[in-house]
Amino acid sequence: MAAGSALTKAILEVCFLNDDEIKIGCELIRGAEIDYAKTSSGQFEGPSMEQFLLIRNTLKDSKVKLKVAGVKFPRPQNAYAFLMAGADLIGTRAAPEIIDAIDQMREIGLIPECKNK
C-alpha cells in the first residue's frame, strides 16, 4: 500500500495531459497501489468522457477506484453519465444542484424510477 492503511488519491489533471500521459499516469497510480485515480483537482476543466473511459480502461484490472472531479455543465446529467460509465465517486461543489435534478432526470428518462418493495 502506498500509505499503509491511509486512503490515497492521485490527481491526474487531465485537461493538461494527452492520452499517452494519462495512460502513463494511470500505470504509475497502479504501481504505487494508490486507492483512487482522480481526474482533476476541480480547479480547472474536468475530464471529457473519452478521457474518463481511457482512465477506466487503463485501470480496469486493478483495485484502483475512480473519482471524477470538475464535472462539466449540465452537471446533473454529466455526473450521472460518469457514474454509469464506472466512476466510484463524483467530486463536486454542485451536489445540491445534482440532487435537485433527480426528479427531472427521471421525468425525461435519464434515470429509472424508484420501485417500492
# chains A, B, ... in the order shown; residues from 1 in each chain; ligands from 1
$ select_by_dssp --residues "segment 44-102 of chain A" --states "strand (DSSP E)" --output "PyMOL selection string"
chain A and resi 65-69+89-91
$ write_last_selection --atoms "N, CA and C atoms" --output "JSON list (two decimals), in the first residue's frame"
[["chain", "number", "residue", "atom", "x", "y", "z"],
["A", 65, "LYS", "N", -9.83, 2.71, -7.63],
["A", 65, "LYS", "CA", -11.17, 3.26, -7.84],
["A", 65, "LYS", "C", -11.05, 4.59, -8.57],
["A", 66, "LEU", "N", -12.16, 5.02, -9.15],
["A", 66, "LEU", "CA", -12.13, 6.21, -10.00],
["A", 66, "LEU", "C", -12.98, 7.33, -9.41],
["A", 67, "LYS", "N", -12.39, 8.51, -9.34],
["A", 67, "LYS", "CA", -13.11, 9.69, -8.85],
["A", 67, "LYS", "C", -13.06, 10.75, -9.94],
["A", 68, "VAL", "N", -14.24, 11.26, -10.30],
["A", 68, "VAL", "CA", -14.35, 12.32, -11.30],
["A", 68, "VAL", "C", -14.54, 13.64, -10.56],
["A", 69, "ALA", "N", -13.75, 14.62, -10.92],
["A", 69, "ALA", "CA", -13.90, 15.98, -10.39],
["A", 69, "ALA", "C", -13.92, 16.93, -11.57],
["A", 89, "LEU", "N", -16.80, 7.71, -7.45],
["A", 89, "LEU", "CA", -17.13, 8.94, -6.72],
["A", 89, "LEU", "C", -17.19, 10.10, -7.69],
["A", 90, "ILE", "N", -18.02, 11.07, -7.35],
["A", 90, "ILE", "CA", -18.06, 12.34, -8.07],
["A", 90, "ILE", "C", -17.69, 13.42, -7.06],
["A", 91, "GLY", "N", -16.68, 14.20, -7.39],
["A", 91, "GLY", "CA", -16.32, 15.33, -6.55],
["A", 91, "GLY", "C", -16.92, 16.58, -7.15]]
$ residues_around --residues "Gly25 of chain A" --least-positions-apart "6" --cutoff "12 Å" --atoms "only C-alpha atoms" --output "list in words"
Ala10, Ile11, Leu12, Glu13, Val14, Leu17, Asn18, Asp19, Gly31, Ala32, Ile34, Ala37, Lys38, Thr39, Leu54, Ile55, Thr58 and Leu59 of chain A
$ write_last_selection --atoms "C-alpha atoms" --output "PDB file, in the first residue's frame"
ATOM      1  CA  ALA A  10      -3.650  10.696  -7.064  1.00  0.00           C
ATOM      2  CA  ILE A  11      -4.833  13.570  -9.235  1.00  0.00           C
ATOM      3  CA  LEU A  12      -4.362  13.428 -12.990  1.00  0.00           C
ATOM      4  CA  GLU A  13      -5.099  16.971 -14.158  1.00  0.00           C
ATOM      5  CA  VAL A  14      -6.359  15.534 -17.454  1.00  0.00           C
ATOM      6  CA  LEU A  17      -2.450  15.769 -20.439  1.00  0.00           C
ATOM      7  CA  ASN A  18      -2.559  13.920 -23.724  1.00  0.00           C
ATOM      8  CA  ASP A  19      -3.770  10.323 -23.952  1.00  0.00           C
ATOM      9  CA  GLY A  31       2.169   0.577  -9.493  1.00  0.00           C
ATOM     10  CA  ALA A  32       2.073   2.715  -6.348  1.00  0.00           C
ATOM     11  CA  ILE A  34      -2.980   4.248  -4.855  1.00  0.00           C
ATOM     12  CA  ALA A  37      -7.325   7.943  -9.516  1.00  0.00           C
ATOM     13  CA  LYS A  38      -8.914  11.394  -9.599  1.00  0.00           C
ATOM     14  CA  THR A  39      -9.489  13.119 -12.945  1.00  0.00           C
ATOM     15  CA  LEU A  54      -9.270   5.948 -21.120  1.00  0.00           C
ATOM     16  CA  ILE A  55      -8.558   6.042 -17.379  1.00  0.00           C
ATOM     17  CA  THR A  58      -6.275   1.526 -18.394  1.00  0.00           C
ATOM     18  CA  LEU A  59      -7.065   0.667 -14.757  1.00  0.00           C
TER      19      LEU A  59
END
$ closest_residue --among "A:Arg75, A:Glu107, A:Lys9, A:Leu83" --to "Tyr36 of chain A" --atoms "only C-alpha atoms"
A:Lys9
$ residues_around --residues "Ser48 of chain A" --least-positions-apart "5" --cutoff "10 Å" --atoms "only C-alpha atoms" --output "PyMOL selection string"
chain A and resi 14-15+39+53-54+70-72+78+82
$ select_by_dssp --residues "chain A" --states "helix (DSSP H, G or I)" --output "number ranges by chain"
A: 14-16, 19-31, 49-58, 75-84, 95-100, 102-107
$ atom_distance --atom1 "atom CA of Glu21 of chain A" --atom2 "atom CA of Pro74 of chain A"
27.3 Å
$ residues_around --residues "Asp100 of chain A" --least-positions-apart "4" --cutoff "12 Å" --atoms "only C-alpha atoms" --output "list in words"
Arg75, Pro76, Gln77, Ala94, Ala95, Pro96, Gln104, Met105 and Arg106 of chain A
$ write_last_selection --atoms "C-alpha atoms" --output "mmCIF file, in the first residue's frame"
data_model
loop_
_atom_site.group_PDB
_atom_site.id
_atom_site.type_symbol
_atom_site.label_atom_id
_atom_site.label_comp_id
_atom_site.auth_asym_id
_atom_site.auth_seq_id
_atom_site.Cartn_x
_atom_site.Cartn_y
_atom_site.Cartn_z
ATOM 1 C CA ARG A 75 -23.744 18.840 -14.147
ATOM 2 C CA PRO A 76 -26.624 16.532 -13.180
ATOM 3 C CA GLN A 77 -26.687 14.694 -16.482
ATOM 4 C CA ALA A 94 -22.796 21.283 -7.034
ATOM 5 C CA ALA A 95 -24.232 18.356 -5.046
ATOM 6 C CA PRO A 96 -27.499 20.218 -4.282
ATOM 7 C CA GLN A 104 -36.274 15.947 -13.706
ATOM 8 C CA MET A 105 -33.829 13.299 -14.956
ATOM 9 C CA ARG A 106 -36.376 10.595 -14.053
#
$ closest_residue --among "A:Gly46, A:Glu33, A:Ala3, A:Gly86" --to "Phe16 of chain A" --atoms "only C-alpha atoms"
A:Gly46
$ atom_distance --atom1 "atom CA of Ile108 of chain A" --atom2 "atom CA of Ala85 of chain A"
19.4 Å
$ atom_distance --atom1 "atom CA of Ser5 of chain A" --atom2 "atom CA of Phe52 of chain A"
26.7 Å
